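> Have a look at this one.
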Number of protein chains: 2
Amino acid sequence: MSFKVNKLVIIGAGLIGGSFALALKSAKAVKRVVGVGRSEKNLALARKLGIIDEASDAAGALAGANLVLIAVPVAQTQSVLASIVPHLEPETLITDAGSTKQDVVAAARHELGAHFPRFIPAHPIAGGEKSGAEAARADLFRGRNVVLTPLAETDRDALDRVREAWLAAGAKVRDMLPAEHDQVFAAVSHLPHALAYALVDCIAGKQNAKELFDFAAGGFRDFTRIAGSSPEMWRDICIANRNALLVELNDYQRKLAQLEHLIGERNAAALEQLFARARAAREKWISEREE
Amino acid sequence: MSFKVNKLVIIGAGLIGGSFALALKSAKAVKRVVGVGRSEKNLALARKLGIIDEASDAAGALAGANLVLIAVPVAQTQSVLASIVPHLEPETLITDAGSTKQDVVAAARHELGAHFPRFIPAHPIAGGEKSGAEAARADLFRGRNVVLTPLAETDRDALDRVREAWLAAGAKVRDMLPAEHDQVFAAVSHLPHALAYALVDCIAGKQNAKELFDFAAGGFRDFTRIAGSSPEMWRDICIANRNALLVELNDYQRKLAQLEHLIGERNAAALEQLFARARAAREKWISEREE
């Protein structure tokens with residue numbers, strides 16, 4: 001770890017931003033952390049918990065900053081970028097933690113101008129049901145994937161340094177193209193969230209909803225667990241990544257039409273084949289997973 | 001508990017049949033249990049584990065039997081009924097454990113003739129990932145719902161006695177109409193299973209399936225847990241309950257079309273409303289659940 005951060009700025013001192021600060025502090029990879037955020041209360045708590053050393057506005061925070069992490073809901077990325085641009089020093093590196101990447105890259109390209117090569121888009125695949133500074137922990141990223149989506153314009157030295165910072169936070173760093181990232185997470189994360197919300201809403205809207213929930217059991221509970229996630233966050237993700245998500249949703253709708261056809265014509269052999277193929281693929285995945 | 005079973009016959013000495021036998025033994029509600037099944041090995045194990053007192057063919061088992069539990073995959077119910085009819089004594093009560101009820105009722109009506117009033121259709125909402133006699137346990141039904149779907153022709157005394165047997169096994173007994181039962185479980189159980197299999201198969205069929213699984217995380221794992229269930233069992237359930245399942249699948253497809261529309265037109269407010277409504281309904285359900 002050759003990259004030591006003198007001054008780290010976290011914009012959004014919540015679960016992700018706070019955990020990044022704690023992880024770098026724990027790795028002795030940062031000297032000073034400044035927090036920027038909309039909630040005075042959360043910033044005071046972050047300071048009390050030793051996550052940040054001081055709270056500041058953007059102008060004060062960015063003076064002499066080496067690295068800025070933007071860890072806000074993805075729909076706010078563009079306005080945050082616009083608000084920091086006037087205060088950026090030429091050498092300051094920027095990374096983010098948004099769940100979608102093409103829209104973040106477009107926003108950064110639009111807002112950052114000449115500074116764009118020093119913006120390294122990132123998506124840490126980590127989180128939890130709790131949020132805010134109180135949920136932050138130094139080991140949140142340990143062993144977790146962080147996807148970087150550098151571009152042709154990206155400064156290679158800036159990329160190396162931001163990679164080192166995420167590695168210092170304990171993450172496994174993977175590089176992908178922004179479009180590839182958005183397709184992958186549309187398929188394995190955004191679509192399942194949308195499907196779970198849709199099923200619960202479908203059942204809740206039926207005349208006998210009370211009876212239906214009354215007989216729902218453990219399978220239903222696990223299937224719908226992700227429908228307990230933040231509606232605001234997932235609204236933003238679904239809209240930000242709508243192009244990739246709609247492609248995946250269409251593929252899934254075609255699969256359901258196929259299933260409907262097999263059930264309708266009582267094609268037991270093909271139905272069993274589909275179910276067995278799915279089970280085998282899932283078991284292989286489970287057996288190869290590390291956690 | 002006024003109904004004591006002198007001789008119980010379990011057809012299928014697996015998880016469900018074996019647990020029923022153990023539960024009644026533990027409640028001292030049965031004197032003798034005879035097992036009937038296709039696997040000599042499983043019957044020998046059931047005997048060794050004290051689940052059954054002897055194994056027999058249908059003719060031997062049914063002589064003097066008070067109660068018969070049919071606990072076989074639902075598609076085999078009709079052939080099992082056909083095989084026991086020649087050996088049934090007039091007073092013998094029959095119940096089952098099938099996950100679908102209209103098809104079981106139709107099969108019983110067709111096969112049992114004059115004995116049909118003494119057949120009490122039942123669906124215990126209990127199970128597990130393991131199967132066979134070794135998975136059976138006396139407390140499997142404790143506090144779990146068992147749905148009975150008696151009919152106009154059902155003998156009231158037979159119904160009372162079978163209800164008492166399930167109560168003695170520790171279950172909470174609920175009565176429903178067969179069609180109502182099949183709609184409820186199509187919505188909260190059969191549809192989610194089909195949706196989970198469909199998602200895994202959809203992803204497994206993509207060109208970059210390996211990369212997709214590589215980035216799938218905890219939300220995906222829980223959402224697809226039920227796609228680890230038995231393909232044979234769920235093939236049978238989907239076909240047996242196809243009419244109700246296709247209605248629920250159509251409702252869900254309409255909900256997905258609505259979701260697709262909202263995402264496509266970037267209707268953030270309506271999307272958040274749908275997600276928030278789903279989350280609230282789920283949280284209410286979770287808070288009211290007993291287990």
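The chains in the structure tokens are called A, B, ... from first to last as shown; in each chain the residues are counted from 1, and the ligands are counted from 1 in the order shown.
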With 7 Å as the cut-off and only C-alpha atoms counted, what is the closest atom pair between each nearby residue of chain B and chain A? Distances in Å to one decimal, ordered by chain and number, as a Markdown table.

| residue | atom | partner | partner_atom | distance |
| --- | --- | --- | --- | --- |
| B:Val184 | CA | A:Leu212 | CA | 5.6 |
| B:Val188 | CA | A:Ala216 | CA | 5.4 |
| B:Ser189 | CA | A:Phe220 | CA | 6.6 |
| B:Pro192 | CA | A:Phe220 | CA | 6.8 |
| B:Tyr197 | CA | A:Ala278 | CA | 5.5 |
| B:Ala198 | CA | A:Lys255 | CA | 6.3 |
| B:Leu199 | CA | A:Tyr252 | CA | 6.8 |
| B:Val200 | CA | A:Ala278 | CA | 5.3 |
| B:Asp201 | CA | A:Ala278 | CA | 4.7 |
| B:Cys202 | CA | A:Tyr252 | CA | 6.4 |
| B:Ala204 | CA | A:Ala281 | CA | 6.5 |
| B:Leu212 | CA | A:Val184 | CA | 5.6 |
| B:Phe213 | CA | A:Trp285 | CA | 6.6 |
| B:Ala216 | CA | A:Val188 | CA | 5.4 |
| B:Gly219 | CA | A:Ile226 | CA | 6.1 |
| B:Phe220 | CA | A:Val188 | CA | 6.5 |
| B:Asp222 | CA | A:Asp222 | CA | 5.2 |
| B:Phe223 | CA | A:Phe223 | CA | 4.0 |
| B:Thr224 | CA | A:Phe223 | CA | 6.6 |
| B:Ile226 | CA | A:Gly219 | CA | 6.1 |
| B:Ala227 | CA | A:Arg279 | CA | 5.6 |
| B:Gly228 | CA | A:Arg279 | CA | 5.0 |
| B:Pro231 | CA | A:Phe275 | CA | 5.1 |
| B:Glu232 | CA | A:Glu272 | CA | 6.0 |
| B:Arg235 | CA | A:Glu272 | CA | 5.4 |
| B:Cys238 | CA | A:Ile263 | CA | 6.7 |
| B:Ile239 | CA | A:Arg266 | CA | 5.8 |
| B:Arg242 | CA | A:Ile263 | CA | 6.2 |
| B:Leu246 | CA | A:Glu260 | CA | 6.8 |
| B:Tyr252 | CA | A:Cys202 | CA | 6.4 |
| B:Lys255 | CA | A:Ala198 | CA | 6.3 |
| B:Leu256 | CA | A:Ala198 | CA | 6.7 |
| B:Glu260 | CA | A:Leu246 | CA | 6.8 |
| B:Ile263 | CA | A:Ile239 | CA | 5.9 |
| B:Gly264 | CA | A:Arg242 | CA | 6.8 |
| B:Arg266 | CA | A:Ile239 | CA | 5.8 |
| B:Ala268 | CA | A:Arg235 | CA | 6.2 |
| B:Leu271 | CA | A:Arg235 | CA | 6.0 |
| B:Glu272 | CA | A:Arg235 | CA | 5.4 |
| B:Leu274 | CA | A:Asp201 | CA | 6.9 |
| B:Phe275 | CA | A:Pro231 | CA | 5.1 |
| B:Ala276 | CA | A:Pro231 | CA | 5.3 |
| B:Arg277 | CA | A:Asp201 | CA | 6.7 |
| B:Ala278 | CA | A:Asp201 | CA | 4.7 |
| B:Arg279 | CA | A:Gly228 | CA | 5.0 |
| B:Ala281 | CA | A:Ala204 | CA | 6.5 |
| B:Arg282 | CA | A:Val200 | CA | 6.9 |
| B:Trp285 | CA | A:Phe213 | CA | 6.6 |
> Leaving out Arg174 of chain A and any residue of its chain fewer than 6 positions from it, which residues lie within 10 Å of it when counting only C-alpha atoms, given as a list in words?
Ala122, His123, Pro124, Asn145, Val146, Val147, Leu148, Thr149 and Arg163 of chain A
> In Å to one decimal, how far is atom CA of Ile10 of chain B from atom CA of Pro73 of chain B?
13.4 Å
> If we count only C-alpha atoms, what is near Asp139 of chain B at a cut-off of 8 Å, once residues fewer than 6 positions away on the same chain are taken out, given as a list in words?
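Listed by chain and then number, they are Ser19, Ala23, Ala169 and Gly170 of chain B.
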> Those selected residues, please, written with C-alpha atoms and delivered as a PDB file, in the first residue's frame.

ATOM      1  CA  SER B  19     -43.422 -37.195  11.398  1.00  0.00           C
ATOM      2  CA  ALA B  23     -46.183 -37.118  16.598  1.00  0.00           C
ATOM      3  CA  ALA B 169     -49.962 -34.182  16.100  1.00  0.00           C
ATOM      4  CA  GLY B 170     -49.603 -30.615  17.380  1.00  0.00           C
TER       5      GLY B 170
END
> Using only C-alpha atoms, which of B:Ala63, B:Ala13, B:Ala244, B:Ala75 sits nearest Ala46 of chain B?
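Selected residue with least distance to Ala46 of chain B: B:Ala13.
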> How many Å lie between atom CA of Thr100 of chain A and atom CA of Glu40 of chain A, rounded to one decimal?
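Value for the atom CA of Thr100 of chain A-atom CA of Glu40 of chain A distance: 27.4 Å.
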> For Lys25 of chain A, work out the shell of residues within 10 Å, counting only C-alpha atoms and skipping chain neighbours fewer than 2 positions away, then give it as a ChimeraX atom specification.
/A:5,19-23,27-33,50-52,138,168-169
> If you run DSSP on the backbone here, which positions in segment 125-274 of chain A get strand (DSSP E or B)? Please write them as a PyMOL selection string.
chain A and resi 145-148+172-175
> Once you have the residues from the selection above, write them out as a PDB file, in the first residue's frame, restricted to N, CA, C and O atoms.

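Dumped everything to out.pdb:
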ATOM      1  N   ASN A 145     -16.405  -7.592  -3.131  1.00  0.00           N
ATOM      2  CA  ASN A 145     -16.050  -7.035  -4.430  1.00  0.00           C
ATOM      3  C   ASN A 145     -16.317  -5.538  -4.471  1.00  0.00           C
ATOM      4  O   ASN A 145     -17.353  -5.070  -3.995  1.00  0.00           O
ATOM      5  N   VAL A 146     -15.376  -4.795  -5.028  1.00  0.00           N
ATOM      6  CA  VAL A 146     -15.622  -3.409  -5.423  1.00  0.00           C
ATOM      7  C   VAL A 146     -15.330  -3.347  -6.920  1.00  0.00           C
ATOM      8  O   VAL A 146     -14.237  -3.713  -7.361  1.00  0.00           O
ATOM      9  N   VAL A 147     -16.336  -2.938  -7.675  1.00  0.00           N
ATOM     10  CA  VAL A 147     -16.166  -2.863  -9.130  1.00  0.00           C
ATOM     11  C   VAL A 147     -15.765  -1.442  -9.508  1.00  0.00           C
ATOM     12  O   VAL A 147     -16.450  -0.485  -9.147  1.00  0.00           O
ATOM     13  N   LEU A 148     -14.633  -1.309 -10.207  1.00  0.00           N
ATOM     14  CA  LEU A 148     -14.237  -0.019 -10.771  1.00  0.00           C
ATOM     15  C   LEU A 148     -14.576  -0.042 -12.264  1.00  0.00           C
ATOM     16  O   LEU A 148     -14.414  -1.076 -12.915  1.00  0.00           O
ATOM     17  N   LYS A 172     -11.855  -6.649  -2.573  1.00  0.00           N
ATOM     18  CA  LYS A 172     -11.312  -7.245  -3.785  1.00  0.00           C
ATOM     19  C   LYS A 172     -11.762  -6.341  -4.921  1.00  0.00           C
ATOM     20  O   LYS A 172     -12.960  -6.091  -5.076  1.00  0.00           O
ATOM     21  N   VAL A 173     -10.816  -5.831  -5.698  1.00  0.00           N
ATOM     22  CA  VAL A 173     -11.169  -4.850  -6.722  1.00  0.00           C
ATOM     23  C   VAL A 173     -11.242  -5.504  -8.096  1.00  0.00           C
ATOM     24  O   VAL A 173     -10.347  -6.249  -8.486  1.00  0.00           O
ATOM     25  N   ARG A 174     -12.321  -5.271  -8.800  1.00  0.00           N
ATOM     26  CA  ARG A 174     -12.552  -5.837 -10.129  1.00  0.00           C
ATOM     27  C   ARG A 174     -12.839  -4.701 -11.099  1.00  0.00           C
ATOM     28  O   ARG A 174     -13.564  -3.778 -10.759  1.00  0.00           O
ATOM     29  N   ASP A 175     -12.316  -4.777 -12.301  1.00  0.00           N
ATOM     30  CA  ASP A 175     -12.586  -3.745 -13.302  1.00  0.00           C
ATOM     31  C   ASP A 175     -13.605  -4.229 -14.325  1.00  0.00           C
ATOM     32  O   ASP A 175     -13.535  -5.381 -14.785  1.00  0.00           O
TER      33      ASP A 175
END
> From a DSSP calculation on the backbone, collect every residue of segment 72-125 of chain B in helix (DSSP H, G or I) and output the set as an mmCIF file with all heavy atoms, in the first residue's frame.

data_model
loop_
_atom_site.group_PDB
_atom_site.id
_atom_site.type_symbol
_atom_site.label_atom_id
_atom_site.label_comp_id
_atom_site.auth_asym_id
_atom_site.auth_seq_id
_atom_site.Cartn_x
_atom_site.Cartn_y
_atom_site.Cartn_z
ATOM 1 N N VAL B 74 -47.828 -35.629 -4.806
ATOM 2 C CA VAL B 74 -49.244 -35.426 -5.078
ATOM 3 C C VAL B 74 -49.698 -36.107 -6.379
ATOM 4 O O VAL B 74 -50.851 -36.547 -6.482
ATOM 5 C CB VAL B 74 -49.573 -33.908 -5.016
ATOM 6 C CG1 VAL B 74 -49.161 -33.197 -6.283
ATOM 7 C CG2 VAL B 74 -51.009 -33.671 -4.676
ATOM 8 N N ALA B 75 -48.799 -36.256 -7.329
ATOM 9 C CA ALA B 75 -49.180 -36.885 -8.598
ATOM 10 C C ALA B 75 -49.448 -38.387 -8.437
ATOM 11 O O ALA B 75 -50.046 -39.009 -9.308
ATOM 12 C CB ALA B 75 -48.086 -36.667 -9.647
ATOM 13 N N GLN B 76 -48.979 -38.975 -7.322
ATOM 14 C CA GLN B 76 -49.188 -40.409 -7.111
ATOM 15 C C GLN B 76 -50.441 -40.725 -6.298
ATOM 16 O O GLN B 76 -50.775 -41.889 -6.064
ATOM 17 C CB GLN B 76 -47.971 -41.012 -6.401
ATOM 18 C CG GLN B 76 -46.700 -40.954 -7.245
ATOM 19 C CD GLN B 76 -45.463 -41.243 -6.409
ATOM 20 O OE1 GLN B 76 -45.503 -42.018 -5.469
ATOM 21 N NE2 GLN B 76 -44.359 -40.598 -6.774
ATOM 22 N N THR B 77 -51.137 -39.674 -5.850
ATOM 23 C CA THR B 77 -52.277 -39.882 -4.963
ATOM 24 C C THR B 77 -53.329 -40.795 -5.589
ATOM 25 O O THR B 77 -53.830 -41.726 -4.949
ATOM 26 C CB THR B 77 -52.912 -38.530 -4.588
ATOM 27 O OG1 THR B 77 -51.895 -37.686 -4.063
ATOM 28 C CG2 THR B 77 -53.995 -38.716 -3.540
ATOM 29 N N GLN B 78 -53.675 -40.520 -6.857
ATOM 30 C CA GLN B 78 -54.741 -41.312 -7.472
ATOM 31 C C GLN B 78 -54.392 -42.794 -7.558
ATOM 32 O O GLN B 78 -55.215 -43.646 -7.219
ATOM 33 C CB GLN B 78 -55.078 -40.755 -8.865
ATOM 34 C CG GLN B 78 -56.256 -41.493 -9.498
ATOM 35 C CD GLN B 78 -57.073 -40.625 -10.437
ATOM 36 O OE1 GLN B 78 -56.756 -39.458 -10.661
ATOM 37 N NE2 GLN B 78 -58.156 -41.179 -10.963
ATOM 38 N N SER B 79 -53.158 -43.105 -7.953
ATOM 39 C CA SER B 79 -52.821 -44.529 -8.077
ATOM 40 C C SER B 79 -52.746 -45.195 -6.699
ATOM 41 O O SER B 79 -53.094 -46.371 -6.554
ATOM 42 C CB SER B 79 -51.530 -44.715 -8.878
ATOM 43 O OG SER B 79 -50.453 -44.112 -8.208
ATOM 44 N N VAL B 80 -52.332 -44.436 -5.680
ATOM 45 C CA VAL B 80 -52.329 -45.003 -4.326
ATOM 46 C C VAL B 80 -53.761 -45.285 -3.882
ATOM 47 O O VAL B 80 -54.067 -46.355 -3.332
ATOM 48 C CB VAL B 80 -51.627 -44.047 -3.335
ATOM 49 C CG1 VAL B 80 -51.942 -44.437 -1.894
ATOM 50 C CG2 VAL B 80 -50.111 -44.051 -3.562
ATOM 51 N N LEU B 81 -54.661 -44.343 -4.145
ATOM 52 C CA LEU B 81 -56.066 -44.556 -3.771
ATOM 53 C C LEU B 81 -56.618 -45.795 -4.476
ATOM 54 O O LEU B 81 -57.278 -46.631 -3.848
ATOM 55 C CB LEU B 81 -56.897 -43.317 -4.133
ATOM 56 C CG LEU B 81 -56.699 -42.097 -3.226
ATOM 57 C CD1 LEU B 81 -57.330 -40.854 -3.855
ATOM 58 C CD2 LEU B 81 -57.297 -42.347 -1.836
ATOM 59 N N ALA B 82 -56.317 -45.912 -5.770
ATOM 60 C CA ALA B 82 -56.811 -47.068 -6.532
ATOM 61 C C ALA B 82 -56.287 -48.369 -5.932
ATOM 62 O O ALA B 82 -57.002 -49.375 -5.873
ATOM 63 C CB ALA B 82 -56.389 -46.939 -7.993
ATOM 64 N N SER B 83 -55.036 -48.338 -5.448
ATOM 65 C CA SER B 83 -54.426 -49.563 -4.929
ATOM 66 C C SER B 83 -54.968 -49.950 -3.553
ATOM 67 O O SER B 83 -54.893 -51.113 -3.166
ATOM 68 C CB SER B 83 -52.893 -49.391 -4.854
ATOM 69 O OG SER B 83 -52.547 -48.544 -3.786
ATOM 70 N N ILE B 84 -55.511 -48.997 -2.814
ATOM 71 C CA ILE B 84 -56.001 -49.360 -1.468
ATOM 72 C C ILE B 84 -57.492 -49.680 -1.449
ATOM 73 O O ILE B 84 -57.967 -50.394 -0.558
ATOM 74 C CB ILE B 84 -55.672 -48.279 -0.394
ATOM 75 C CG1 ILE B 84 -56.430 -46.975 -0.651
ATOM 76 C CG2 ILE B 84 -54.166 -48.043 -0.301
ATOM 77 C CD1 ILE B 84 -56.277 -45.967 0.494
ATOM 78 N N VAL B 85 -58.225 -49.173 -2.438
ATOM 79 C CA VAL B 85 -59.680 -49.356 -2.441
ATOM 80 C C VAL B 85 -60.123 -50.805 -2.206
ATOM 81 O O VAL B 85 -61.016 -51.051 -1.381
ATOM 82 C CB VAL B 85 -60.298 -48.780 -3.739
ATOM 83 C CG1 VAL B 85 -61.669 -49.380 -4.019
ATOM 84 C CG2 VAL B 85 -60.413 -47.273 -3.617
ATOM 85 N N PRO B 86 -59.511 -51.793 -2.875
ATOM 86 C CA PRO B 86 -60.002 -53.178 -2.700
ATOM 87 C C PRO B 86 -59.855 -53.686 -1.269
ATOM 88 O O PRO B 86 -60.510 -54.653 -0.885
ATOM 89 C CB PRO B 86 -59.110 -53.996 -3.645
ATOM 90 C CG PRO B 86 -58.516 -52.997 -4.597
ATOM 91 C CD PRO B 86 -58.408 -51.729 -3.846
ATOM 92 N N HIS B 87 -58.964 -53.039 -0.490
ATOM 93 C CA HIS B 87 -58.664 -53.552 0.854
ATOM 94 C C HIS B 87 -59.267 -52.720 1.975
ATOM 95 O O HIS B 87 -59.063 -53.027 3.143
ATOM 96 C CB HIS B 87 -57.138 -53.612 1.029
ATOM 97 C CG HIS B 87 -56.431 -54.223 -0.132
ATOM 98 N ND1 HIS B 87 -56.560 -55.549 -0.450
ATOM 99 C CD2 HIS B 87 -55.627 -53.696 -1.090
ATOM 100 C CE1 HIS B 87 -55.851 -55.820 -1.545
ATOM 101 N NE2 HIS B 87 -55.271 -54.695 -1.952
ATOM 102 N N GLN B 102 -57.824 -29.552 -5.033
ATOM 103 C CA GLN B 102 -58.896 -29.847 -5.984
ATOM 104 C C GLN B 102 -58.615 -31.126 -6.754
ATOM 105 O O GLN B 102 -59.517 -31.932 -6.992
ATOM 106 C CB GLN B 102 -59.103 -28.679 -6.955
ATOM 107 C CG GLN B 102 -59.723 -27.462 -6.282
ATOM 108 C CD GLN B 102 -59.780 -26.263 -7.224
ATOM 109 O OE1 GLN B 102 -60.820 -25.922 -7.748
ATOM 110 N NE2 GLN B 102 -58.645 -25.625 -7.434
ATOM 111 N N ASP B 103 -57.347 -31.320 -7.148
ATOM 112 C CA ASP B 103 -57.026 -32.526 -7.919
ATOM 113 C C ASP B 103 -57.102 -33.769 -7.043
ATOM 114 O O ASP B 103 -57.543 -34.828 -7.481
ATOM 115 C CB ASP B 103 -55.632 -32.396 -8.547
ATOM 116 C CG ASP B 103 -54.539 -32.360 -7.498
ATOM 117 O OD1 ASP B 103 -54.672 -31.582 -6.528
ATOM 118 O OD2 ASP B 103 -53.569 -33.119 -7.621
ATOM 119 N N VAL B 104 -56.697 -33.643 -5.770
ATOM 120 C CA VAL B 104 -56.762 -34.773 -4.850
ATOM 121 C C VAL B 104 -58.223 -35.144 -4.584
ATOM 122 O O VAL B 104 -58.591 -36.328 -4.575
ATOM 123 C CB VAL B 104 -56.023 -34.425 -3.525
ATOM 124 C CG1 VAL B 104 -56.380 -35.416 -2.428
ATOM 125 C CG2 VAL B 104 -54.504 -34.398 -3.749
ATOM 126 N N VAL B 105 -59.055 -34.126 -4.418
ATOM 127 C CA VAL B 105 -60.479 -34.373 -4.189
ATOM 128 C C VAL B 105 -61.095 -35.068 -5.405
ATOM 129 O O VAL B 105 -61.856 -36.030 -5.271
ATOM 130 C CB VAL B 105 -61.213 -33.049 -3.862
ATOM 131 C CG1 VAL B 105 -62.730 -33.233 -3.971
ATOM 132 C CG2 VAL B 105 -60.819 -32.564 -2.467
ATOM 133 N N ALA B 106 -60.729 -34.606 -6.590
ATOM 134 C CA ALA B 106 -61.269 -35.216 -7.810
ATOM 135 C C ALA B 106 -60.835 -36.679 -7.922
ATOM 136 O O ALA B 106 -61.635 -37.561 -8.264
ATOM 137 C CB ALA B 106 -60.814 -34.430 -9.038
ATOM 138 N N ALA B 107 -59.564 -36.935 -7.596
ATOM 139 C CA ALA B 107 -59.051 -38.303 -7.651
ATOM 140 C C ALA B 107 -59.768 -39.182 -6.629
ATOM 141 O O ALA B 107 -60.147 -40.322 -6.923
ATOM 142 C CB ALA B 107 -57.537 -38.310 -7.393
ATOM 143 N N ALA B 108 -59.978 -38.647 -5.429
ATOM 144 C CA ALA B 108 -60.632 -39.422 -4.366
ATOM 145 C C ALA B 108 -62.084 -39.714 -4.732
ATOM 146 O O ALA B 108 -62.585 -40.826 -4.539
ATOM 147 C CB ALA B 108 -60.550 -38.667 -3.043
ATOM 148 N N ARG B 109 -62.743 -38.691 -5.273
ATOM 149 C CA ARG B 109 -64.134 -38.874 -5.675
ATOM 150 C C ARG B 109 -64.229 -39.978 -6.744
ATOM 151 O O ARG B 109 -65.112 -40.834 -6.710
ATOM 152 C CB ARG B 109 -64.679 -37.557 -6.226
ATOM 153 C CG ARG B 109 -66.209 -37.489 -6.265
ATOM 154 C CD ARG B 109 -66.691 -36.238 -7.013
ATOM 155 N NE ARG B 109 -66.302 -34.984 -6.380
ATOM 156 C CZ ARG B 109 -66.990 -34.397 -5.406
ATOM 157 N NH1 ARG B 109 -68.079 -34.959 -4.924
ATOM 158 N NH2 ARG B 109 -66.582 -33.246 -4.903
ATOM 159 N N HIS B 110 -63.266 -39.984 -7.629
ATOM 160 C CA HIS B 110 -63.259 -40.947 -8.731
ATOM 161 C C HIS B 110 -62.943 -42.357 -8.259
ATOM 162 O O HIS B 110 -63.557 -43.324 -8.702
ATOM 163 C CB HIS B 110 -62.221 -40.500 -9.782
ATOM 164 C CG HIS B 110 -62.211 -41.337 -11.020
ATOM 165 N ND1 HIS B 110 -61.344 -42.383 -11.205
ATOM 166 C CD2 HIS B 110 -62.989 -41.300 -12.127
ATOM 167 C CE1 HIS B 110 -61.573 -42.935 -12.381
ATOM 168 N NE2 HIS B 110 -62.570 -42.300 -12.967
ATOM 169 N N GLU B 111 -62.004 -42.469 -7.335
ATOM 170 C CA GLU B 111 -61.525 -43.801 -6.946
ATOM 171 C C GLU B 111 -62.291 -44.418 -5.784
ATOM 172 O O GLU B 111 -62.408 -45.638 -5.699
ATOM 173 C CB GLU B 111 -60.028 -43.748 -6.555
ATOM 174 C CG GLU B 111 -59.098 -43.292 -7.662
ATOM 175 C CD GLU B 111 -59.057 -44.273 -8.843
ATOM 176 O OE1 GLU B 111 -59.396 -45.462 -8.653
ATOM 177 O OE2 GLU B 111 -58.717 -43.832 -9.959
ATOM 178 N N LEU B 112 -62.750 -43.580 -4.835
ATOM 179 C CA LEU B 112 -63.222 -44.129 -3.562
ATOM 180 C C LEU B 112 -64.694 -44.518 -3.562
ATOM 181 O O LEU B 112 -65.132 -45.283 -2.690
ATOM 182 C CB LEU B 112 -62.936 -43.149 -2.418
ATOM 183 C CG LEU B 112 -61.448 -42.967 -2.086
ATOM 184 C CD1 LEU B 112 -61.275 -41.950 -0.950
ATOM 185 C CD2 LEU B 112 -60.815 -44.303 -1.689
ATOM 186 N N GLY B 113 -65.477 -43.991 -4.492
ATOM 187 C CA GLY B 113 -66.894 -44.383 -4.557
ATOM 188 C C GLY B 113 -67.598 -44.156 -3.231
ATOM 189 O O GLY B 113 -67.561 -43.056 -2.667
ATOM 190 N N ALA B 114 -68.202 -45.202 -2.685
ATOM 191 C CA ALA B 114 -69.002 -45.089 -1.467
ATOM 192 C C ALA B 114 -68.154 -44.706 -0.260
ATOM 193 O O ALA B 114 -68.674 -44.264 0.769
ATOM 194 C CB ALA B 114 -69.720 -46.412 -1.190
ATOM 195 N N HIS B 115 -66.835 -44.884 -0.374
ATOM 196 C CA HIS B 115 -65.958 -44.558 0.752
ATOM 197 C C HIS B 115 -65.581 -43.072 0.786
ATOM 198 O O HIS B 115 -64.975 -42.603 1.758
ATOM 199 C CB HIS B 115 -64.689 -45.426 0.687
ATOM 200 C CG HIS B 115 -64.071 -45.665 2.018
ATOM 201 N ND1 HIS B 115 -64.272 -46.817 2.737
ATOM 202 C CD2 HIS B 115 -63.278 -44.887 2.799
ATOM 203 C CE1 HIS B 115 -63.621 -46.737 3.892
ATOM 204 N NE2 HIS B 115 -63.010 -45.564 3.943
ATOM 205 N N PHE B 116 -65.903 -42.331 -0.273
ATOM 206 C CA PHE B 116 -65.478 -40.938 -0.390
ATOM 207 C C PHE B 116 -65.819 -40.061 0.832
ATOM 208 O O PHE B 116 -64.997 -39.227 1.248
ATOM 209 C CB PHE B 116 -66.069 -40.335 -1.685
ATOM 210 C CG PHE B 116 -65.671 -38.906 -1.929
ATOM 211 C CD1 PHE B 116 -64.331 -38.557 -2.111
ATOM 212 C CD2 PHE B 116 -66.636 -37.896 -1.964
ATOM 213 C CE1 PHE B 116 -63.966 -37.225 -2.344
ATOM 214 C CE2 PHE B 116 -66.273 -36.570 -2.196
ATOM 215 C CZ PHE B 116 -64.941 -36.234 -2.379
ATOM 216 N N PRO B 117 -66.986 -40.239 1.475
ATOM 217 C CA PRO B 117 -67.295 -39.405 2.654
ATOM 218 C C PRO B 117 -66.314 -39.591 3.811
ATOM 219 O O PRO B 117 -66.251 -38.741 4.702
ATOM 220 C CB PRO B 117 -68.711 -39.870 3.056
ATOM 221 C CG PRO B 117 -69.313 -40.377 1.779
ATOM 222 C CD PRO B 117 -68.155 -41.044 1.058
ATOM 223 N N ARG B 118 -65.551 -40.657 3.794
ATOM 224 C CA ARG B 118 -64.608 -40.899 4.891
ATOM 225 C C ARG B 118 -63.175 -40.518 4.504
ATOM 226 O O ARG B 118 -62.227 -40.870 5.199
ATOM 227 C CB ARG B 118 -64.695 -42.363 5.353
ATOM 228 C CG ARG B 118 -66.133 -42.736 5.753
ATOM 229 C CD ARG B 118 -66.281 -44.142 6.278
ATOM 230 N NE ARG B 118 -65.808 -44.275 7.648
ATOM 231 C CZ ARG B 118 -66.433 -43.793 8.723
ATOM 232 N NH1 ARG B 118 -67.559 -43.116 8.593
ATOM 233 N NH2 ARG B 118 -65.927 -43.961 9.920
#
> Could you please determine the separation between atom CA of Ala55 of chain B and atom CA of Val34 of chain B in Å, to one decimal place?
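Separating atom CA of Ala55 of chain B from atom CA of Val34 of chain B is a distance of 5.5 Å.
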